[in-house]
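Enquirer: final30.tsv is reproduced in full below (TSV, N, CA and C atoms and all ligand atoms).
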chain	number	residue	atom	x	y	z
A	1	MET	N	5.28	19.41	12.01
A	1	MET	CA	4.76	18.39	12.91
A	1	MET	C	5.04	17.01	12.33
A	2	SER	N	5.45	16.11	13.20
A	2	SER	CA	5.78	14.76	12.75
A	2	SER	C	5.10	13.75	13.65
A	3	ASN	N	4.52	12.72	13.03
A	3	ASN	CA	3.93	11.65	13.81
A	3	ASN	C	4.45	10.32	13.32
A	4	LYS	N	4.63	9.39	14.23
A	4	LYS	CA	5.18	8.09	13.88
A	4	LYS	C	4.04	7.10	13.73
A	5	VAL	N	4.02	6.43	12.59
A	5	VAL	CA	2.95	5.49	12.29
A	5	VAL	C	3.57	4.10	12.14
A	6	ASN	N	3.10	3.17	12.97
A	6	ASN	CA	3.66	1.82	12.94
A	6	ASN	C	2.94	0.94	11.93
A	7	GLY	N	3.70	0.03	11.33
A	7	GLY	CA	3.09	-0.91	10.39
A	7	GLY	C	3.72	-2.28	10.50
A	8	SER	N	2.98	-3.30	10.08
A	8	SER	CA	3.52	-4.67	10.07
A	8	SER	C	2.80	-5.50	9.01
A	9	CYS	N	3.50	-6.56	8.57
A	9	CYS	CA	2.89	-7.47	7.60
A	9	CYS	C	2.02	-8.49	8.32
A	10	LEU	N	1.39	-9.33	7.55
A	10	LEU	CA	0.46	-10.31	8.12
A	10	LEU	C	1.15	-11.27	9.09
A	11	CYS	N	2.34	-11.75	8.76
A	11	CYS	CA	3.02	-12.73	9.62
A	11	CYS	C	3.81	-12.09	10.75
A	12	GLY	N	4.02	-10.78	10.68
A	12	GLY	CA	4.72	-10.08	11.76
A	12	GLY	C	6.22	-10.00	11.59
A	13	GLU	N	6.76	-10.59	10.54
A	13	GLU	CA	8.21	-10.56	10.30
A	13	GLU	C	8.70	-9.14	9.97
A	14	VAL	N	7.93	-8.45	9.15
A	14	VAL	CA	8.33	-7.11	8.70
A	14	VAL	C	7.58	-6.05	9.51
A	15	THR	N	8.35	-5.22	10.22
A	15	THR	CA	7.74	-4.13	10.99
A	15	THR	C	8.56	-2.86	10.78
A	16	CYS	N	7.89	-1.72	10.78
A	16	CYS	CA	8.61	-0.46	10.64
A	16	CYS	C	7.74	0.69	11.13
A	17	ASP	N	8.40	1.80	11.34
A	17	ASP	CA	7.71	3.05	11.64
A	17	ASP	C	7.91	3.99	10.46
A	18	VAL	N	6.86	4.69	10.09
A	18	VAL	CA	6.95	5.70	9.05
A	18	VAL	C	6.60	7.04	9.69
A	19	SER	N	7.42	8.05	9.42
A	19	SER	CA	7.16	9.37	9.97
A	19	SER	C	6.25	10.16	9.07
A	20	GLY	N	5.15	10.62	9.62
A	20	GLY	CA	4.27	11.48	8.89
A	20	GLY	C	4.68	12.92	9.05
A	21	PRO	N	3.92	13.87	8.58
A	21	PRO	CA	2.69	13.63	7.85
A	21	PRO	C	2.96	13.09	6.43
A	22	PHE	N	2.01	12.30	5.93
A	22	PHE	CA	2.13	11.79	4.57
A	22	PHE	C	1.80	12.90	3.58
A	23	ASP	N	2.46	12.88	2.44
A	23	ASP	CA	2.24	13.91	1.43
A	23	ASP	C	1.01	13.64	0.58
A	24	ARG	N	0.81	12.38	0.22
A	24	ARG	CA	-0.29	12.03	-0.67
A	24	ARG	C	-0.88	10.67	-0.30
A	25	PHE	N	-2.16	10.50	-0.56
A	25	PHE	CA	-2.85	9.23	-0.31
A	25	PHE	C	-3.77	9.00	-1.50
A	26	TYR	N	-3.39	8.04	-2.34
A	26	TYR	CA	-4.16	7.76	-3.54
A	26	TYR	C	-4.69	6.33	-3.54
A	27	GLN	N	-5.88	6.17	-4.07
A	27	GLN	CA	-6.41	4.85	-4.35
A	27	GLN	C	-6.24	4.63	-5.86
A	28	CYS	N	-5.37	3.69	-6.20
A	28	CYS	CA	-5.06	3.49	-7.62
A	28	CYS	C	-5.82	2.28	-8.17
A	29	HIS	N	-6.64	2.55	-9.18
A	29	HIS	CA	-7.49	1.52	-9.77
A	29	HIS	C	-6.89	0.93	-11.05
A	30	CYS	N	-5.63	1.19	-11.34
A	30	CYS	CA	-5.06	0.69	-12.59
A	30	CYS	C	-5.01	-0.84	-12.60
A	31	ASP	N	-4.94	-1.39	-13.80
A	31	ASP	CA	-5.00	-2.86	-13.85
A	31	ASP	C	-3.79	-3.52	-13.20
A	32	ARG	N	-2.66	-2.80	-13.16
A	32	ARG	CA	-1.49	-3.35	-12.47
A	32	ARG	C	-1.72	-3.41	-10.96
A	33	CYS	N	-2.31	-2.38	-10.41
A	33	CYS	CA	-2.58	-2.37	-8.95
A	33	CYS	C	-3.66	-3.39	-8.59
A	34	GLN	N	-4.56	-3.67	-9.52
A	34	GLN	CA	-5.53	-4.74	-9.26
A	34	GLN	C	-4.80	-6.07	-9.14
A	35	LYS	N	-3.82	-6.28	-9.98
A	35	LYS	CA	-3.03	-7.52	-9.91
A	35	LYS	C	-2.26	-7.60	-8.60
A	36	LYS	N	-1.56	-6.51	-8.26
A	36	LYS	CA	-0.69	-6.61	-7.09
A	36	LYS	C	-1.47	-6.66	-5.78
A	37	SER	N	-2.65	-6.05	-5.76
A	37	SER	CA	-3.44	-6.05	-4.52
A	37	SER	C	-4.39	-7.24	-4.46
A	38	GLY	N	-4.68	-7.81	-5.61
A	38	GLY	CA	-5.68	-8.88	-5.65
A	38	GLY	C	-7.07	-8.33	-5.36
A	39	SER	N	-7.23	-7.01	-5.51
A	39	SER	CA	-8.50	-6.39	-5.18
A	39	SER	C	-8.79	-5.25	-6.15
A	40	ALA	N	-9.80	-4.43	-5.82
A	40	ALA	CA	-10.25	-3.41	-6.76
A	40	ALA	C	-9.23	-2.29	-6.97
A	41	PHE	N	-8.49	-1.97	-5.92
A	41	PHE	CA	-7.52	-0.88	-6.04
A	41	PHE	C	-6.45	-1.00	-4.97
A	42	ALA	N	-5.34	-0.31	-5.18
A	42	ALA	CA	-4.27	-0.23	-4.19
A	42	ALA	C	-4.40	1.10	-3.46
A	43	SER	N	-4.32	1.07	-2.13
A	43	SER	CA	-4.36	2.29	-1.32
A	43	SER	C	-2.93	2.63	-0.93
A	44	LEU	N	-2.40	3.69	-1.50
A	44	LEU	CA	-0.97	3.98	-1.37
A	44	LEU	C	-0.71	5.36	-0.79
A	45	LEU	N	0.20	5.39	0.18
A	45	LEU	CA	0.61	6.63	0.82
A	45	LEU	C	2.02	6.98	0.37
A	46	PHE	N	2.25	8.26	0.14
A	46	PHE	CA	3.56	8.70	-0.37
A	46	PHE	C	4.20	9.73	0.57
A	47	THR	N	5.49	9.52	0.79
A	47	THR	CA	6.32	10.49	1.52
A	47	THR	C	7.68	10.50	0.83
A	48	SER	N	8.58	11.32	1.34
A	48	SER	CA	9.95	11.27	0.82
A	48	SER	C	10.60	9.97	1.31
A	49	TYR	N	11.64	9.56	0.61
A	49	TYR	CA	12.29	8.25	0.81
A	49	TYR	C	12.83	8.03	2.23
A	50	ASP	N	13.14	9.13	2.93
A	50	ASP	CA	13.87	9.01	4.20
A	50	ASP	C	12.97	8.94	5.43
A	51	LYS	N	11.68	8.68	5.24
A	51	LYS	CA	10.75	8.72	6.37
A	51	LYS	C	10.52	7.37	7.04
A	52	ILE	N	11.29	6.35	6.66
A	52	ILE	CA	11.05	5.02	7.21
A	52	ILE	C	12.17	4.57	8.15
A	53	VAL	N	11.77	3.94	9.25
A	53	VAL	CA	12.72	3.29	10.16
A	53	VAL	C	12.29	1.83	10.25
A	54	TRP	N	13.14	0.94	9.73
A	54	TRP	CA	12.82	-0.49	9.78
A	54	TRP	C	13.05	-0.99	11.20
A	55	LEU	N	12.11	-1.72	11.74
A	55	LEU	CA	12.25	-2.29	13.08
A	55	LEU	C	12.64	-3.77	13.00
A	56	SER	N	12.16	-4.44	11.98
A	56	SER	CA	12.51	-5.86	11.77
A	56	SER	C	12.16	-6.27	10.35
A	57	GLY	N	12.89	-7.28	9.87
A	57	GLY	CA	12.48	-7.96	8.65
A	57	GLY	C	12.77	-7.28	7.33
A	58	GLU	N	13.58	-6.22	7.32
A	58	GLU	CA	13.85	-5.55	6.03
A	58	GLU	C	14.41	-6.54	5.00
A	59	LYS	N	15.25	-7.46	5.48
A	59	LYS	CA	15.86	-8.44	4.57
A	59	LYS	C	14.84	-9.47	4.06
A	60	SER	N	13.69	-9.52	4.68
A	60	SER	CA	12.64	-10.44	4.23
A	60	SER	C	11.69	-9.77	3.25
A	61	THR	N	12.06	-8.56	2.81
A	61	THR	CA	11.23	-7.89	1.82
A	61	THR	C	11.87	-8.01	0.44
A	62	LYS	N	11.04	-8.02	-0.57
A	62	LYS	CA	11.54	-8.07	-1.95
A	62	LYS	C	10.75	-7.08	-2.78
A	63	ARG	N	11.46	-6.29	-3.58
A	63	ARG	CA	10.79	-5.37	-4.49
A	63	ARG	C	10.88	-5.92	-5.90
A	64	PHE	N	9.73	-6.12	-6.49
A	64	PHE	CA	9.65	-6.57	-7.88
A	64	PHE	C	9.41	-5.36	-8.76
A	65	ASP	N	10.31	-5.12	-9.69
A	65	ASP	CA	10.15	-4.00	-10.63
A	65	ASP	C	9.60	-4.54	-11.94
A	66	LEU	N	8.43	-4.10	-12.29
A	66	LEU	CA	7.79	-4.60	-13.51
A	66	LEU	C	8.60	-4.19	-14.74
A	67	PRO	N	9.09	-5.17	-15.49
A	67	PRO	CA	9.87	-4.83	-16.69
A	67	PRO	C	9.02	-4.01	-17.66
A	68	ASN	N	9.65	-3.12	-18.36
A	68	ASN	CA	8.99	-2.29	-19.37
A	68	ASN	C	8.04	-1.24	-18.77
A	69	ALA	N	7.96	-1.18	-17.45
A	69	ALA	CA	7.16	-0.13	-16.83
A	69	ALA	C	8.11	0.96	-16.36
A	70	GLU	N	7.64	2.17	-16.41
A	70	GLU	CA	8.50	3.29	-16.05
A	70	GLU	C	8.82	3.29	-14.56
A	71	ARG	N	7.77	3.06	-13.74
A	71	ARG	CA	7.99	3.18	-12.30
A	71	ARG	C	7.28	2.13	-11.46
A	72	PHE	N	6.52	1.24	-12.08
A	72	PHE	CA	5.69	0.34	-11.29
A	72	PHE	C	6.51	-0.74	-10.58
A	73	SER	N	6.27	-0.85	-9.27
A	73	SER	CA	6.91	-1.89	-8.48
A	73	SER	C	5.90	-2.50	-7.53
A	74	ASN	N	6.23	-3.67	-7.03
A	74	ASN	CA	5.44	-4.31	-5.99
A	74	ASN	C	6.43	-4.86	-4.98
A	75	ALA	N	6.24	-4.49	-3.71
A	75	ALA	CA	7.14	-4.99	-2.67
A	75	ALA	C	6.32	-5.80	-1.68
A	76	PHE	N	6.93	-6.88	-1.20
A	76	PHE	CA	6.16	-7.79	-0.35
A	76	PHE	C	7.06	-8.52	0.63
A	77	CYS	N	6.45	-9.06	1.67
A	77	CYS	CA	7.14	-9.91	2.63
A	77	CYS	C	7.31	-11.28	1.98
A	78	THR	N	8.54	-11.78	1.97
A	78	THR	CA	8.81	-13.06	1.30
A	78	THR	C	8.27	-14.24	2.09
A	79	HIS	N	7.82	-14.02	3.33
A	79	HIS	CA	7.22	-15.10	4.12
A	79	HIS	C	5.71	-15.19	3.89
A	80	CYS	N	5.02	-14.04	3.98
A	80	CYS	CA	3.56	-14.09	3.94
A	80	CYS	C	2.95	-13.42	2.72
A	81	GLY	N	3.75	-12.72	1.92
A	81	GLY	CA	3.24	-12.13	0.69
A	81	GLY	C	2.51	-10.81	0.86
A	82	SER	N	2.42	-10.30	2.09
A	82	SER	CA	1.76	-9.00	2.29
A	82	SER	C	2.55	-7.89	1.62
A	83	GLN	N	1.86	-6.90	1.09
A	83	GLN	CA	2.54	-5.74	0.54
A	83	GLN	C	3.20	-4.96	1.68
A	84	VAL	N	4.40	-4.47	1.43
A	84	VAL	CA	5.16	-3.71	2.42
A	84	VAL	C	5.67	-2.42	1.79
A	85	PRO	N	6.14	-1.47	2.61
A	85	PRO	CA	6.66	-0.21	2.05
A	85	PRO	C	7.91	-0.46	1.21
A	86	TYR	N	8.14	0.45	0.26
A	86	TYR	CA	9.36	0.36	-0.55
A	86	TYR	C	9.74	1.74	-1.05
A	87	ILE	N	11.04	1.86	-1.37
A	87	ILE	CA	11.54	3.10	-1.97
A	87	ILE	C	11.33	2.98	-3.48
A	88	SER	N	10.81	4.05	-4.08
A	88	SER	CA	10.55	4.04	-5.52
A	88	SER	C	11.84	3.83	-6.30
A	89	ARG	N	11.72	3.36	-7.52
A	89	ARG	CA	12.88	3.05	-8.35
A	89	ARG	C	13.82	4.23	-8.53
A	90	ASP	N	13.25	5.44	-8.58
A	90	ASP	CA	14.10	6.62	-8.75
A	90	ASP	C	14.69	7.10	-7.43
A	91	GLY	N	14.36	6.38	-6.34
A	91	GLY	CA	14.94	6.70	-5.05
A	91	GLY	C	14.33	7.90	-4.35
A	92	LYS	N	13.28	8.49	-4.91
A	92	LYS	CA	12.76	9.74	-4.36
A	92	LYS	C	11.66	9.56	-3.32
A	93	PHE	N	10.85	8.52	-3.51
A	93	PHE	CA	9.66	8.39	-2.68
A	93	PHE	C	9.63	7.09	-1.88
A	94	LEU	N	8.99	7.19	-0.72
A	94	LEU	CA	8.63	5.99	0.03
A	94	LEU	C	7.16	5.74	-0.28
A	95	VAL	N	6.86	4.54	-0.74
A	95	VAL	CA	5.49	4.16	-1.04
A	95	VAL	C	5.04	3.18	0.04
A	96	THR	N	3.99	3.53	0.77
A	96	THR	CA	3.51	2.69	1.85
A	96	THR	C	2.09	2.22	1.57
A	97	PRO	N	1.86	0.91	1.50
A	97	PRO	CA	0.49	0.41	1.33
A	97	PRO	C	-0.30	0.71	2.61
A	98	ALA	N	-1.43	1.36	2.49
A	98	ALA	CA	-2.18	1.81	3.67
A	98	ALA	C	-2.58	0.64	4.57
A	99	GLY	N	-2.88	-0.51	3.98
A	99	GLY	CA	-3.30	-1.66	4.78
A	99	GLY	C	-2.18	-2.25	5.63
A	100	PHE	N	-0.96	-1.88	5.34
A	100	PHE	CA	0.20	-2.33	6.11
A	100	PHE	C	0.24	-1.67	7.49
A	101	LEU	N	-0.38	-0.49	7.59
A	101	LEU	CA	-0.27	0.31	8.81
A	101	LEU	C	-1.20	-0.17	9.92
A	102	ASN	N	-0.69	-0.10	11.14
A	102	ASN	CA	-1.50	-0.46	12.32
A	102	ASN	C	-2.13	0.78	12.96
A	103	ASP	N	-1.54	1.93	12.67
A	103	ASP	CA	-2.02	3.18	13.26
A	103	ASP	C	-2.75	4.03	12.21
A	104	ASP	N	-3.48	4.99	12.68
A	104	ASP	CA	-4.16	5.96	11.81
A	104	ASP	C	-3.12	6.81	11.10
A	105	PRO	N	-3.12	6.81	9.77
A	105	PRO	CA	-2.12	7.61	9.05
A	105	PRO	C	-2.38	9.12	9.11
A	106	GLN	N	-3.50	9.52	9.75
A	106	GLN	CA	-3.83	10.95	9.89
A	106	GLN	C	-4.03	11.65	8.55
A	107	ILE	N	-4.47	10.89	7.57
A	107	ILE	CA	-4.78	11.46	6.26
A	107	ILE	C	-5.80	10.50	5.64
A	108	VAL	N	-6.72	11.05	4.86
A	108	VAL	CA	-7.70	10.20	4.19
A	108	VAL	C	-7.42	10.23	2.69
A	109	PRO	N	-7.93	9.25	1.94
A	109	PRO	CA	-7.65	9.23	0.51
A	109	PRO	C	-8.05	10.55	-0.15
A	110	GLN	N	-7.13	11.05	-0.98
A	110	GLN	CA	-7.35	12.34	-1.65
A	110	GLN	C	-7.89	12.19	-3.06
A	111	ALA	N	-7.63	11.02	-3.64
A	111	ALA	CA	-8.06	10.84	-5.02
A	111	ALA	C	-8.11	9.37	-5.40
A	112	ASN	N	-9.02	9.07	-6.32
A	112	ASN	CA	-9.04	7.78	-7.00
A	112	ASN	C	-8.36	8.02	-8.35
A	113	ILE	N	-7.25	7.33	-8.57
A	113	ILE	CA	-6.53	7.56	-9.82
A	113	ILE	C	-6.64	6.35	-10.75
A	114	PHE	N	-6.41	6.59	-12.01
A	114	PHE	CA	-6.58	5.56	-13.05
A	114	PHE	C	-7.98	4.95	-13.00
A	115	ILE	N	-8.97	5.81	-12.71
A	115	ILE	CA	-10.34	5.32	-12.53
A	115	ILE	C	-10.90	4.73	-13.82
A	116	GLY	N	-10.35	5.13	-14.94
A	116	GLY	CA	-10.79	4.58	-16.22
A	116	GLY	C	-10.50	3.09	-16.37
A	117	GLU	N	-9.59	2.58	-15.53
A	117	GLU	CA	-9.25	1.15	-15.60
A	117	GLU	C	-9.94	0.35	-14.49
A	118	LYS	N	-10.88	0.98	-13.77
A	118	LYS	CA	-11.48	0.33	-12.60
A	118	LYS	C	-12.10	-1.03	-12.96
A	119	ALA	N	-12.08	-1.91	-11.95
A	119	ALA	CA	-12.65	-3.25	-12.15
A	119	ALA	C	-14.12	-3.13	-12.53
A	120	CYS	N	-14.59	-4.02	-13.41
A	120	CYS	CA	-15.97	-3.93	-13.90
A	120	CYS	C	-16.97	-4.19	-12.77
A	121	TRP	N	-16.51	-4.74	-11.65
A	121	TRP	CA	-17.40	-5.04	-10.52
A	121	TRP	C	-17.25	-4.05	-9.38
A	122	TYR	N	-16.37	-3.04	-9.56
A	122	TYR	CA	-16.10	-2.10	-8.46
A	122	TYR	C	-17.34	-1.34	-7.99
A	123	GLU	N	-18.08	-0.72	-8.95
A	123	GLU	CA	-19.25	0.08	-8.58
A	123	GLU	C	-20.30	-0.77	-7.85
A	124	ALA	N	-20.55	-1.95	-8.39
A	124	ALA	CA	-21.56	-2.82	-7.78
A	124	ALA	C	-21.17	-3.19	-6.35
A	125	GLY	N	-19.88	-3.35	-6.12
A	125	GLY	CA	-19.39	-3.72	-4.79
A	125	GLY	C	-19.68	-2.66	-3.74
A	126	GLN	N	-19.77	-1.39	-4.16
A	126	GLN	CA	-20.02	-0.30	-3.22
A	126	GLN	C	-21.41	-0.39	-2.59
A	127	SER	N	-22.34	-1.02	-3.30
A	127	SER	CA	-23.71	-1.09	-2.76
A	127	SER	C	-24.11	-2.52	-2.41
A	128	ALA	N	-23.14	-3.41	-2.29
A	128	ALA	CA	-23.43	-4.79	-1.88
A	128	ALA	C	-23.85	-4.81	-0.41
A	129	THR	N	-24.57	-5.84	0.00
A	129	THR	CA	-25.03	-5.98	1.39
A	129	THR	C	-23.85	-6.07	2.36
A	130	ASN	N	-23.97	-5.39	3.49
A	130	ASN	CA	-22.93	-5.41	4.50
A	130	ASN	C	-23.22	-6.40	5.61
A	131	PHE	N	-22.21	-7.11	6.05
A	131	PHE	CA	-22.30	-8.00	7.23
A	131	PHE	C	-21.15	-7.67	8.16
A	132	GLU	N	-21.35	-7.77	9.47
A	132	GLU	CA	-20.27	-7.52	10.41
A	132	GLU	C	-19.18	-8.58	10.27
A	133	ARG	N	-19.62	-9.83	10.01
A	133	ARG	CA	-18.66	-10.92	9.82
A	133	ARG	C	-19.09	-11.74	8.62
A	134	TYR	N	-18.88	-13.06	8.64
A	134	TYR	CA	-19.35	-13.89	7.50
A	134	TYR	C	-20.86	-13.77	7.36
A	135	PRO	N	-21.36	-13.88	6.14
A	135	PRO	CA	-22.82	-13.87	5.96
A	135	PRO	C	-23.45	-15.07	6.69
A	136	THR	N	-24.61	-14.85	7.25
A	136	THR	CA	-25.26	-15.93	7.97
A	136	THR	C	-26.29	-16.64	7.06
A	201	ZN	ZN	5.11	-11.29	6.54
A	202	ZN	ZN	-1.93	1.58	-10.01
The structure given in the file should be rewritten as structure tokens.
Ligand SMILES: [Zn+2]
Ligand SMILES: [Zn+2]
Expert:
Amino acid sequence: MSNKVNGSCLCGEVTCDVSGPFDRFYQCHCDRCQKKSGSAFASLLFTSYDKIVWLSGEKSTKRFDLPNAERFSNAFCTHCGSQVPYISRDGKFLVTPAGFLNDDPQIVPQANIFIGEKACWYEAGQSATNFERYPT
């Protein structure tokens, strides 16, 4: 079974379809993912490299390969800085940031990985007060 999941960056320049089903969905709490996401963790979906069809803006994407890292990369829209899908350095996997997707990926997070590196404020954030919009 295959399902097409559409995604786009914040500015709309980069758009693509990814064919599911996704193989893995991890929330990575490593300190590198905290840097690249600007948040507590990166939500990443994995499939084989050939599951993406670019609709627009592929040339506006850039993949940064962290020197001295075995496999860590960060790919983003060069206009708005949003994380976008990329092919892993070894060419085997397509890595899709879950927040990039506009549709339901039909899979929920399977694991929190590198939890030992979690942000010192992560746990507290889980029980912070909720507001529908800005606090009043
Ligand atoms: Zn963009
Ligand atoms: Zn990570």
Enquirer: Show me which residues are within 5 Å of ligand ZN 201 (chain A) counting all atoms listed in the file, and format the list as a ChimeraX atom specification.
Expert: /A:9-14,77,79-80
Enquirer: Can you pull out the residues contacting Ser48 in chain A? Cut-off 7 Å, using only N, CA and C atoms, and skip same-chain residues under 5 positions away; I want them as a list in words.
Expert: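 Listing them by chain and then by number gives Asp23, Lys92, Phe93, Leu94 and Val95 of chain A.
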Enquirer: Please measure the separation of atom C of Gln83 in chain A and atom N of Phe100 in chain A, giving the value in Å to one decimal.
Expert: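 Taking atom C of Gln83 in chain A and atom N of Phe100 in chain A, their separation equals 6.3 Å.
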Enquirer: Mind listing the residues within 10 Å of ligand ZN 202 (chain A), only C-alpha atoms and all ligand atoms counted, as a list in words?
Expert: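 Sorted by chain and then by number, the residues are Tyr26, Gln27, Cys28, His29, Cys30, Asp31, Arg32, Cys33, Gln34, Lys35, Lys36, Ser37, Phe41, Ala42, Ser43, Leu44, Phe72, Ser73, Asn112, Ile113, Phe114, Ile115, Glu117 and Lys118 of chain A.
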Enquirer: Can you list every residue in range 26-127 of chain A that DSSP puts in alpha helix (DSSP H), as a ChimeraX atom specification?
Expert: /A:31-37,122-126
Enquirer: Between range 60-111 of chain A and range 15-19 of chain A, at 12 Å or less, what are the per-residue closest atom pairs and their distances in Å? Count only C-alpha atoms, order by chain and rising residue number, and return it as a Markdown table.
Expert:
| residue | atom | partner | partner_atom | distance |
| --- | --- | --- | --- | --- |
| A:Ser60 | CA | A:Thr15 | CA | 10.5 |
| A:Thr61 | CA | A:Thr15 | CA | 10.5 |
| A:Cys77 | CA | A:Thr15 | CA | 10.2 |
| A:Ser82 | CA | A:Thr15 | CA | 11.6 |
| A:Gln83 | CA | A:Thr15 | CA | 11.8 |
| A:Val84 | CA | A:Thr15 | CA | 9.0 |
| A:Pro85 | CA | A:Cys16 | CA | 8.8 |
| A:Tyr86 | CA | A:Cys16 | CA | 11.2 |
| A:Leu94 | CA | A:Val18 | CA | 9.2 |
| A:Val95 | CA | A:Val18 | CA | 10.3 |
| A:Thr96 | CA | A:Val18 | CA | 8.5 |
| A:Pro97 | CA | A:Val18 | CA | 11.4 |
| A:Ala98 | CA | A:Val18 | CA | 11.3 |
| A:Phe100 | CA | A:Thr15 | CA | 9.2 |
| A:Leu101 | CA | A:Asp17 | CA | 8.9 |
| A:Asn102 | CA | A:Asp17 | CA | 9.9 |
| A:Asp103 | CA | A:Asp17 | CA | 9.9 |
| A:Asp104 | CA | A:Val18 | CA | 11.5 |
| A:Pro105 | CA | A:Val18 | CA | 9.3 |
| A:Gln106 | CA | A:Ser19 | CA | 11.1 |
Enquirer: With N, CA and C atoms retained, write the just-selected residues as a PDB file, keeping the file's coordinate frame.
Expert:
ATOM      1  N   SER A  60      13.690  -9.520   4.680  1.00  0.00           N
ATOM      2  CA  SER A  60      12.640 -10.440   4.230  1.00  0.00           C
ATOM      3  C   SER A  60      11.690  -9.770   3.250  1.00  0.00           C
ATOM      4  N   THR A  61      12.060  -8.560   2.810  1.00  0.00           N
ATOM      5  CA  THR A  61      11.230  -7.890   1.820  1.00  0.00           C
ATOM      6  C   THR A  61      11.870  -8.010   0.440  1.00  0.00           C
ATOM      7  N   CYS A  77       6.450  -9.060   1.670  1.00  0.00           N
ATOM      8  CA  CYS A  77       7.140  -9.910   2.630  1.00  0.00           C
ATOM      9  C   CYS A  77       7.310 -11.280   1.980  1.00  0.00           C
ATOM     10  N   SER A  82       2.420 -10.300   2.090  1.00  0.00           N
ATOM     11  CA  SER A  82       1.760  -9.000   2.290  1.00  0.00           C
ATOM     12  C   SER A  82       2.550  -7.890   1.620  1.00  0.00           C
ATOM     13  N   GLN A  83       1.860  -6.900   1.090  1.00  0.00           N
ATOM     14  CA  GLN A  83       2.540  -5.740   0.540  1.00  0.00           C
ATOM     15  C   GLN A  83       3.200  -4.960   1.680  1.00  0.00           C
ATOM     16  N   VAL A  84       4.400  -4.470   1.430  1.00  0.00           N
ATOM     17  CA  VAL A  84       5.160  -3.710   2.420  1.00  0.00           C
ATOM     18  C   VAL A  84       5.670  -2.420   1.790  1.00  0.00           C
ATOM     19  N   PRO A  85       6.140  -1.470   2.610  1.00  0.00           N
ATOM     20  CA  PRO A  85       6.660  -0.210   2.050  1.00  0.00           C
ATOM     21  C   PRO A  85       7.910  -0.460   1.210  1.00  0.00           C
ATOM     22  N   TYR A  86       8.140   0.450   0.260  1.00  0.00           N
ATOM     23  CA  TYR A  86       9.360   0.360  -0.550  1.00  0.00           C
ATOM     24  C   TYR A  86       9.740   1.740  -1.050  1.00  0.00           C
ATOM     25  N   LEU A  94       8.990   7.190  -0.720  1.00  0.00           N
ATOM     26  CA  LEU A  94       8.630   5.990   0.030  1.00  0.00           C
ATOM     27  C   LEU A  94       7.160   5.740  -0.280  1.00  0.00           C
ATOM     28  N   VAL A  95       6.860   4.540  -0.740  1.00  0.00           N
ATOM     29  CA  VAL A  95       5.490   4.160  -1.040  1.00  0.00           C
ATOM     30  C   VAL A  95       5.040   3.180   0.040  1.00  0.00           C
ATOM     31  N   THR A  96       3.990   3.530   0.770  1.00  0.00           N
ATOM     32  CA  THR A  96       3.510   2.690   1.850  1.00  0.00           C
ATOM     33  C   THR A  96       2.090   2.220   1.570  1.00  0.00           C
ATOM     34  N   PRO A  97       1.860   0.910   1.500  1.00  0.00           N
ATOM     35  CA  PRO A  97       0.490   0.410   1.330  1.00  0.00           C
ATOM     36  C   PRO A  97      -0.300   0.710   2.610  1.00  0.00           C
ATOM     37  N   ALA A  98      -1.430   1.360   2.490  1.00  0.00           N
ATOM     38  CA  ALA A  98      -2.180   1.810   3.670  1.00  0.00           C
ATOM     39  C   ALA A  98      -2.580   0.640   4.570  1.00  0.00           C
ATOM     40  N   PHE A 100      -0.960  -1.880   5.340  1.00  0.00           N
ATOM     41  CA  PHE A 100       0.200  -2.330   6.110  1.00  0.00           C
ATOM     42  C   PHE A 100       0.240  -1.670   7.490  1.00  0.00           C
ATOM     43  N   LEU A 101      -0.380  -0.490   7.590  1.00  0.00           N
ATOM     44  CA  LEU A 101      -0.270   0.310   8.810  1.00  0.00           C
ATOM     45  C   LEU A 101      -1.200  -0.170   9.920  1.00  0.00           C
ATOM     46  N   ASN A 102      -0.690  -0.100  11.140  1.00  0.00           N
ATOM     47  CA  ASN A 102      -1.500  -0.460  12.320  1.00  0.00           C
ATOM     48  C   ASN A 102      -2.130   0.780  12.960  1.00  0.00           C
ATOM     49  N   ASP A 103      -1.540   1.930  12.670  1.00  0.00           N
ATOM     50  CA  ASP A 103      -2.020   3.180  13.260  1.00  0.00           C
ATOM     51  C   ASP A 103      -2.750   4.030  12.210  1.00  0.00           C
ATOM     52  N   ASP A 104      -3.480   4.990  12.680  1.00  0.00           N
ATOM     53  CA  ASP A 104      -4.160   5.960  11.810  1.00  0.00           C
ATOM     54  C   ASP A 104      -3.120   6.810  11.100  1.00  0.00           C
ATOM     55  N   PRO A 105      -3.120   6.810   9.770  1.00  0.00           N
ATOM     56  CA  PRO A 105      -2.120   7.610   9.050  1.00  0.00           C
ATOM     57  C   PRO A 105      -2.380   9.120   9.110  1.00  0.00           C
ATOM     58  N   GLN A 106      -3.500   9.520   9.750  1.00  0.00           N
ATOM     59  CA  GLN A 106      -3.830  10.950   9.890  1.00  0.00           C
ATOM     60  C   GLN A 106      -4.030  11.650   8.550  1.00  0.00           C
TER      61      GLN A 106
END
Enquirer: Name the residues of chain A that come out as strand (DSSP E or B) in a backbone DSSP run; write them as a PyMOL selection string.
Expert: chain A and resi 4-8+15-19+24-28+42-48+52-56+61-65+73-77+83+86-87+93-97+101+111-113
Enquirer: Record the distance separating atom N of Pro109 in chain A and atom N of Arg24 in chain A, expressed in Å with one decimal.
Expert: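 Computed distance, atom N of Pro109 in chain A to atom N of Arg24 in chain A, equals 9.4 Å.
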Enquirer: Please measure the separation of atom C of Gly57 in chain A and atom C of Ile87 in chain A, giving the value in Å to one decimal.
Expert: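 Interatomic distance here is 15.0 Å.
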